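Trainee: A single structure is presented below for examination.
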Amino acid sequence: MKQPDSNRPFVLSPRFQSLRWQILGYSLAIMIGISAISIILVYQYFAHSLYQQVNERLKVLADSAAHSLEAIKKDKNALINPPIRRLDGDGDLDLSWQNLQQSGQSIEWFDQDQKFLGKSGKLNFSSPLILGEQTLSGKPPIQLLTITVYNNKHSQGQDINASETYIVGYIRVAESTEHIHANLQRLLWGFSIGNLLTLGLIGFGGIILTRQALKPLAKSYEQLQQFTGDASHELRSPLTAIKTSVEVLHSHPERIHPQDWEKLTNILSATEQMKHLVEDLLLLARTDNDLDFMAQDIVNIPLEDLLDDVLLSLEPQAEQKAINVKVHYFQSVIVQGNAFQLQRLFSNLLNNAIKYTPSEGQIKITLQQEEKKAIIQIEDSGIGISAEQLPFIFDRFWRAESARTPQIKGTGLGLAIAESIVQAHEGKITVKSQLNKGSCFTVYLPITTHFQE
Ligand SMILES: Nc1ncnc2c1ncn2[C@@H]1O[C@H](COP(=O)(O)OP(=O)(O)OP(=O)(O)O)[C@@H](O)[C@H]1O
Ligand SMILES: [Mg+2]
C-alpha cells in the first residue's frame, strides 16, 4: 500500500487551489463593495457639511449686505463710501458686509424690479436671478444665494405683515467653491489610495490565511481519497479471486445442489456488481489525484468505430426493452484519447439512456464536428430529470428518486465517472432534460494533438 510521505511539503491540489482563489475573490469583492460604499458615504457627508458652511457664510453676508440696499438705491456711490452701520437690533449679526466679504465672494444689489444696481467682488458668472440657493458648475464652480429684502425685514420666507410690507430689492451673494472641490478631490484620492493599500494588504493576508485554513481540509480530503484508492485497490484481488471461483462453480451446474443454484447465481451477480463498483471507485480516486493518468495510453480514435462498438455491446439490452436506437454520424471524426476510458464514457451514457427509457422508447446518437470540437449527443425519450435535480446528477452516489426502484439497478457513479473522463480529455459534458419527456447528454471533445502518443 502507498504510504504518504510525511517529509514532503504540502501542496494544495488544483481543486483546493481553485476553491482558495474563489474564497479570496469573493472576500475581496465584498471588501471592495464595502469600501466603495464607505468612500461614497464619507465623501457625501463631507461635501454636504462643507457646502452647508458655504451657505451659512453666504446667508450672513447677504443679511449684512441687505442693510445697504436702500442707500445704494438712492446713491450708487454708497457702494464706494458706505454709510456707517449702526446696531439696529433686528436679530442678525450687525457687521458691515465690507468686514465680512472675503476674496472669492461677490455681492450684487438689485432693486425691486430686479434691475442691477451694483456689485462688489471679482467673481464672474452669468445667471438669471433665482431666489434661494443655487449651484453653478462652471469654472470656477460657484454657490449662489439670493434673498428678497423687505422694508422692515430682509429675508425671504419670514412672517411679514402684508399691508405694511413691500419689497425693497434683492441681494445675490456668491462664493467660488473651487477650494471645496479641490479638498474633496484630495479626500477622494486619499481614501481611494488608502483603501487600495488596505485591500492589497487584505489580499496578501488572505493568500496566507486561505492556505492555512484550507490546509487541514485539503489534507483530510487527500487522506480520504488515498483511503478510497487504496481500499479499492486492495479489494480488487480478493474480489477477482471470489469472482473466478464462483464462475468456475457456476459453470458446473451438475456439482451444485439444485437448492443452492439460485444462491450461487445471486452471489455471482453481487460479486460482479461489487467488482464494477470497486473499479469505478478506483478510477475516481485516480482521476482525483491525477487527471493526467489517462494520458498514458493516448491513441487516435475514430469516434464512429468507438460508438459502434459501444452500441454493439449494449444492443441486447436495448432489444430486450424493444428500444429503437437510431444513429446519425454527420461525418467521420477522429479524436485523440484513451480508447478504454472513452468507451467507458459513452457506455455509461448509453447504458443510462437504455436504463431510464421505458420499453419501446427511442434513443438517438449523433456525431458531428464543429470547428475543433467533436460533438456527440445521446438523446432518449425516457423518464427525464426535473430541473431541480439536474444540478446534482454528476455528484457521486446521487440517484434521482424516480431511479431508485428495484428494477433499475445502479450505484450513482456512472455520470461522475463520465464527467471525470471528459475532463481528463479537456472536454465538456452538458445535459438538457425534461421530466417524463427525455434527456439529451452532449459531450464536447477537443480535436487537438495535446496528448503525446
Ligand atoms: N438518461 C437519463 N434519463 C433519466 N435520468 C437519468 C439519465 N441518466 C442519468 N439519470 C439520473 O442520474 C442519476 C445518476 O446517474 P448515474 O449514471 O451516475 O448513476 P446510475 O445510473 O444510477 O448508476 P451507475 O453508477 O450504475 O451508472 C441516475 O440515478 C438517474 O436518476
Ligand atoms: Mg448510470
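Labels used: A, B, ... for chains in the order of the C-alpha cells, numbers from 1 for residues in each chain, and numbers from 1 for ligands as shown.
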Give me the residues of chain A that have any atom at most 9 Å from an atom of ligand 1; for each, the nearest atom pair and the distance in Å, rounded to one decimal. Use only C-alpha atoms and all ligand atoms, sort by chain and number, and format it as a tab-separated table.
Mentor:
residue	atom	partner	partner_atom_place_in_ligand_line	distance
A:Gln273	CA	ligand 1	26 (O)	8.9
A:His276	CA	ligand 1	26 (O)	8.5
A:Leu277	CA	ligand 1	25 (O)	7.7
A:Asp280	CA	ligand 1	25 (O)	8.1
A:Asn348	CA	ligand 1	27 (O)	6.1
A:Leu349	CA	ligand 1	8 (N)	6.8
A:Leu350	CA	ligand 1	1 (N)	7.7
A:Asn351	CA	ligand 1	27 (O)	7.5
A:Asn352	CA	ligand 1	8 (N)	4.7
A:Ala353	CA	ligand 1	1 (N)	4.0
A:Ile354	CA	ligand 1	1 (N)	7.4
A:Lys355	CA	ligand 1	1 (N)	7.4
A:Tyr356	CA	ligand 1	3 (N)	4.8
A:Thr357	CA	ligand 1	3 (N)	6.8
A:Ile378	CA	ligand 1	1 (N)	8.3
A:Glu379	CA	ligand 1	1 (N)	7.6
A:Asp380	CA	ligand 1	1 (N)	6.4
A:Ser381	CA	ligand 1	3 (N)	8.2
A:Gly382	CA	ligand 1	3 (N)	5.7
A:Ile383	CA	ligand 1	4 (C)	5.3
A:Gly384	CA	ligand 1	4 (C)	4.2
A:Ile385	CA	ligand 1	5 (N)	5.2
A:Ser386	CA	ligand 1	5 (N)	8.9
A:Gln389	CA	ligand 1	31 (O)	8.5
A:Leu390	CA	ligand 1	12 (O)	8.1
A:Phe392	CA	ligand 1	12 (O)	8.0
A:Ile393	CA	ligand 1	12 (O)	4.7
A:Phe394	CA	ligand 1	18 (O)	6.2
A:Asp395	CA	ligand 1	18 (O)	7.3
A:Arg396	CA	ligand 1	18 (O)	6.9
A:Phe397	CA	ligand 1	18 (O)	6.8
A:Trp398	CA	ligand 1	14 (C)	5.7
A:Arg399	CA	ligand 1	29 (O)	3.4
A:Ala400	CA	ligand 1	31 (O)	3.6
A:Glu401	CA	ligand 1	31 (O)	6.7
A:Ser402	CA	ligand 1	31 (O)	6.4
A:Ala403	CA	ligand 1	31 (O)	4.6
A:Arg404	CA	ligand 1	29 (O)	6.9
A:Ile408	CA	ligand 1	22 (O)	7.8
A:Lys409	CA	ligand 1	26 (O)	6.5
A:Gly410	CA	ligand 1	23 (O)	3.4
A:Thr411	CA	ligand 1	25 (O)	4.0
A:Gly412	CA	ligand 1	19 (O)	3.1
A:Leu413	CA	ligand 1	25 (O)	3.7
A:Gly414	CA	ligand 1	27 (O)	3.4
A:Leu415	CA	ligand 1	18 (O)	3.6
A:Ala416	CA	ligand 1	18 (O)	5.7
A:Ile417	CA	ligand 1	18 (O)	7.6
A:Ala418	CA	ligand 1	18 (O)	8.1
A:Ser433	CA	ligand 1	3 (N)	7.7
A:Gln434	CA	ligand 1	4 (C)	8.9
A:Leu435	CA	ligand 1	4 (C)	8.1
A:Asn436	CA	ligand 1	4 (C)	8.7
A:Gly438	CA	ligand 1	3 (N)	6.4
A:Ser439	CA	ligand 1	1 (N)	5.4
A:Cys440	CA	ligand 1	1 (N)	7.1
A:Phe441	CA	ligand 1	1 (N)	7.5
Trainee: For range 125-141 of chain A, please output as a ChimeraX atom specification all residues within 8 Å (counting only C-alpha atoms; exclusion window: fewer than 6 positions along the same chain).
Mentor: /A:55,114,147-148,172,176-178
Trainee: Between CA of Gln102 in chain A and CA of His181 in chain A, what is the distance, to one decimal in Å?
Mentor: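 So the two atoms, CA of Gln102 in chain A and CA of His181 in chain A, lie 17.9 Å apart.
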Trainee: Range 172-217 of chain A: which residues are strand (DSSP E or B) by DSSP, as a PyMOL selection string?
Mentor: chain A and resi 172-176
Trainee: May I have the selected residues written with all heavy atoms, as a short mmCIF file (atom, residue, chain, number, x, y, z; two decimals), in the first residue's frame?
Mentor:
data_model
loop_
_atom_site.label_atom_id
_atom_site.label_comp_id
_atom_site.auth_asym_id
_atom_site.auth_seq_id
_atom_site.Cartn_x
_atom_site.Cartn_y
_atom_site.Cartn_z
N ARG A 172 -27.92 89.30 -4.11
CA ARG A 172 -27.40 87.99 -4.52
C ARG A 172 -25.93 87.91 -4.12
O ARG A 172 -25.14 88.78 -4.48
CB ARG A 172 -27.53 87.81 -6.03
CG ARG A 172 -27.01 86.45 -6.48
CD ARG A 172 -27.51 86.08 -7.82
NE ARG A 172 -26.86 86.86 -8.88
CZ ARG A 172 -27.10 86.66 -10.17
NH1 ARG A 172 -27.98 85.73 -10.55
NH2 ARG A 172 -26.50 87.38 -11.08
N VAL A 173 -25.61 86.90 -3.34
CA VAL A 173 -24.22 86.72 -2.91
C VAL A 173 -23.69 85.43 -3.54
O VAL A 173 -24.46 84.49 -3.78
CB VAL A 173 -24.08 86.66 -1.37
CG1 VAL A 173 -24.12 88.02 -0.76
CG2 VAL A 173 -25.13 85.76 -0.77
N ALA A 174 -22.41 85.42 -3.83
CA ALA A 174 -21.82 84.25 -4.49
C ALA A 174 -20.47 83.92 -3.88
O ALA A 174 -19.78 84.82 -3.37
CB ALA A 174 -21.65 84.54 -5.98
N GLU A 175 -20.12 82.66 -3.91
CA GLU A 175 -18.79 82.26 -3.44
C GLU A 175 -18.25 81.15 -4.34
O GLU A 175 -18.98 80.21 -4.69
CB GLU A 175 -18.87 81.75 -1.99
CG GLU A 175 -17.50 81.37 -1.45
CD GLU A 175 -17.51 80.99 0.04
OE1 GLU A 175 -18.28 81.57 0.83
OE2 GLU A 175 -16.72 80.11 0.39
N SER A 176 -16.99 81.31 -4.70
CA SER A 176 -16.37 80.25 -5.51
C SER A 176 -16.14 79.03 -4.61
O SER A 176 -15.63 79.15 -3.50
CB SER A 176 -15.04 80.76 -6.06
OG SER A 176 -14.22 79.66 -6.33
#
Trainee: Between A:Gln112, A:Gln212, A:Ser347, A:Gln22, which one has atoms that come closest to ligand 2, using only C-alpha atoms and all ligand atoms?
Mentor: A:Ser347
Trainee: CA of Asp63 in chain A to CA of Gly118 in chain A: how many Å, to one decimal?
Mentor: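 Interatomic distance, CA of Asp63 in chain A to CA of Gly118 in chain A: 16.3 Å.
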Trainee: For ligand 2, which residue out of A:Ile171, A:Ala36, A:Glu419, A:Leu303 is the nearest one, using only C-alpha atoms and all ligand atoms?
Mentor: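 Closest residue, counting only C-alpha atoms and all ligand atoms: A:Glu419.
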Trainee: When distances are computed from only C-alpha atoms, which of A:Gln407, A:Thr442, A:Gln52, A:Gln320 shows the smallest separation from Ile180 in chain A?
Mentor: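 Result for the nearest residue to Ile180 in chain A: A:Gln52.
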Trainee: Identify which of the residues A:Lys74, A:Lys428, A:His257, A:Lys373 lies closest to Ile447 in chain A, counting only C-alpha atoms when measuring atom-to-atom distances.
Mentor: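 Closest residue, counting only C-alpha atoms: A:Lys373.
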Trainee: Take CA of Leu12 in chain A and CA of Pro216 in chain A and report the distance between them in Å, one decimal.
Mentor: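 Separation of CA of Leu12 in chain A and CA of Pro216 in chain A: 10.2 Å.
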Trainee: Pick out the residues sitting within 7 Å of Ser64 in chain A, and hand them over as number ranges by chain; count only C-alpha atoms, and ignore anything fewer than 6 positions along from it in its own chain.
Mentor: A: 95-97
Trainee: Once you have the residues from the selection above, write them out as a PDB file, in the first residue's frame, restricted to N, CA, C and O atoms.
Mentor:
ATOM      1  N   LEU A  95     -22.590  93.382  11.553  1.00  0.00           N
ATOM      2  CA  LEU A  95     -21.270  93.689  10.988  1.00  0.00           C
ATOM      3  C   LEU A  95     -21.490  94.128   9.564  1.00  0.00           C
ATOM      4  O   LEU A  95     -22.370  93.603   8.878  1.00  0.00           O
ATOM      5  N   SER A  96     -20.700  95.091   9.080  1.00  0.00           N
ATOM      6  CA  SER A  96     -20.936  95.543   7.699  1.00  0.00           C
ATOM      7  C   SER A  96     -20.418  94.500   6.722  1.00  0.00           C
ATOM      8  O   SER A  96     -19.529  93.723   7.052  1.00  0.00           O
ATOM      9  N   TRP A  97     -21.019  94.507   5.522  1.00  0.00           N
ATOM     10  CA  TRP A  97     -20.617  93.498   4.534  1.00  0.00           C
ATOM     11  C   TRP A  97     -19.158  93.642   4.140  1.00  0.00           C
ATOM     12  O   TRP A  97     -18.497  92.667   3.793  1.00  0.00           O
TER      13      TRP A  97
END
Trainee: Considering only C-alpha atoms, return as number ranges by chain whatever protein or nucleic-acid residues lie within 9 Å of Ile72 in chain A, sequence-local ones (same chain, fewer than 6 positions apart) excluded.
Mentor: A: 78-79, 82, 109, 117-118
Trainee: Write the residues of the selection above to a file with N, CA and C atoms, as a tab-separated table (two decimals), in the first residue's frame.
Mentor:
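Contents of again.tsv, as written:
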chain	number	residue	atom	x	y	z
A	78	ALA	N	-22.82	104.94	-2.63
A	78	ALA	CA	-22.84	104.30	-1.30
A	78	ALA	C	-22.06	102.99	-1.32
A	79	LEU	N	-21.87	102.45	-2.52
A	79	LEU	CA	-21.05	101.24	-2.64
A	79	LEU	C	-19.59	101.53	-2.33
A	82	PRO	N	-19.57	103.61	1.88
A	82	PRO	CA	-20.74	103.06	2.58
A	82	PRO	C	-21.13	103.88	3.81
A	109	TRP	N	-26.41	93.88	-5.79
A	109	TRP	CA	-27.64	94.52	-5.28
A	109	TRP	C	-28.59	94.73	-6.46
A	117	LEU	N	-28.08	97.03	-9.58
A	117	LEU	CA	-27.68	98.33	-9.03
A	117	LEU	C	-26.17	98.42	-8.84
A	118	GLY	N	-25.58	97.35	-8.42
A	118	GLY	CA	-24.14	97.41	-8.19
A	118	GLY	C	-23.59	96.08	-7.73
Trainee: Identify, on the basis of only C-alpha atoms, every residue whose closest approach to Ala424 in chain A does not exceed 7 Å; exclude the query and any residue fewer than 2 positions from it along the same chain; express the result as a count of residues only.
Mentor: 7
Trainee: Per DSSP on the backbone, filter range 262-416 of chain A down to the residues in helix (DSSP H, G or I) and report them as a ChimeraX atom specification.
Mentor: /A:262-289,291-297,303-320,339-355,390-392,401-403,414-416
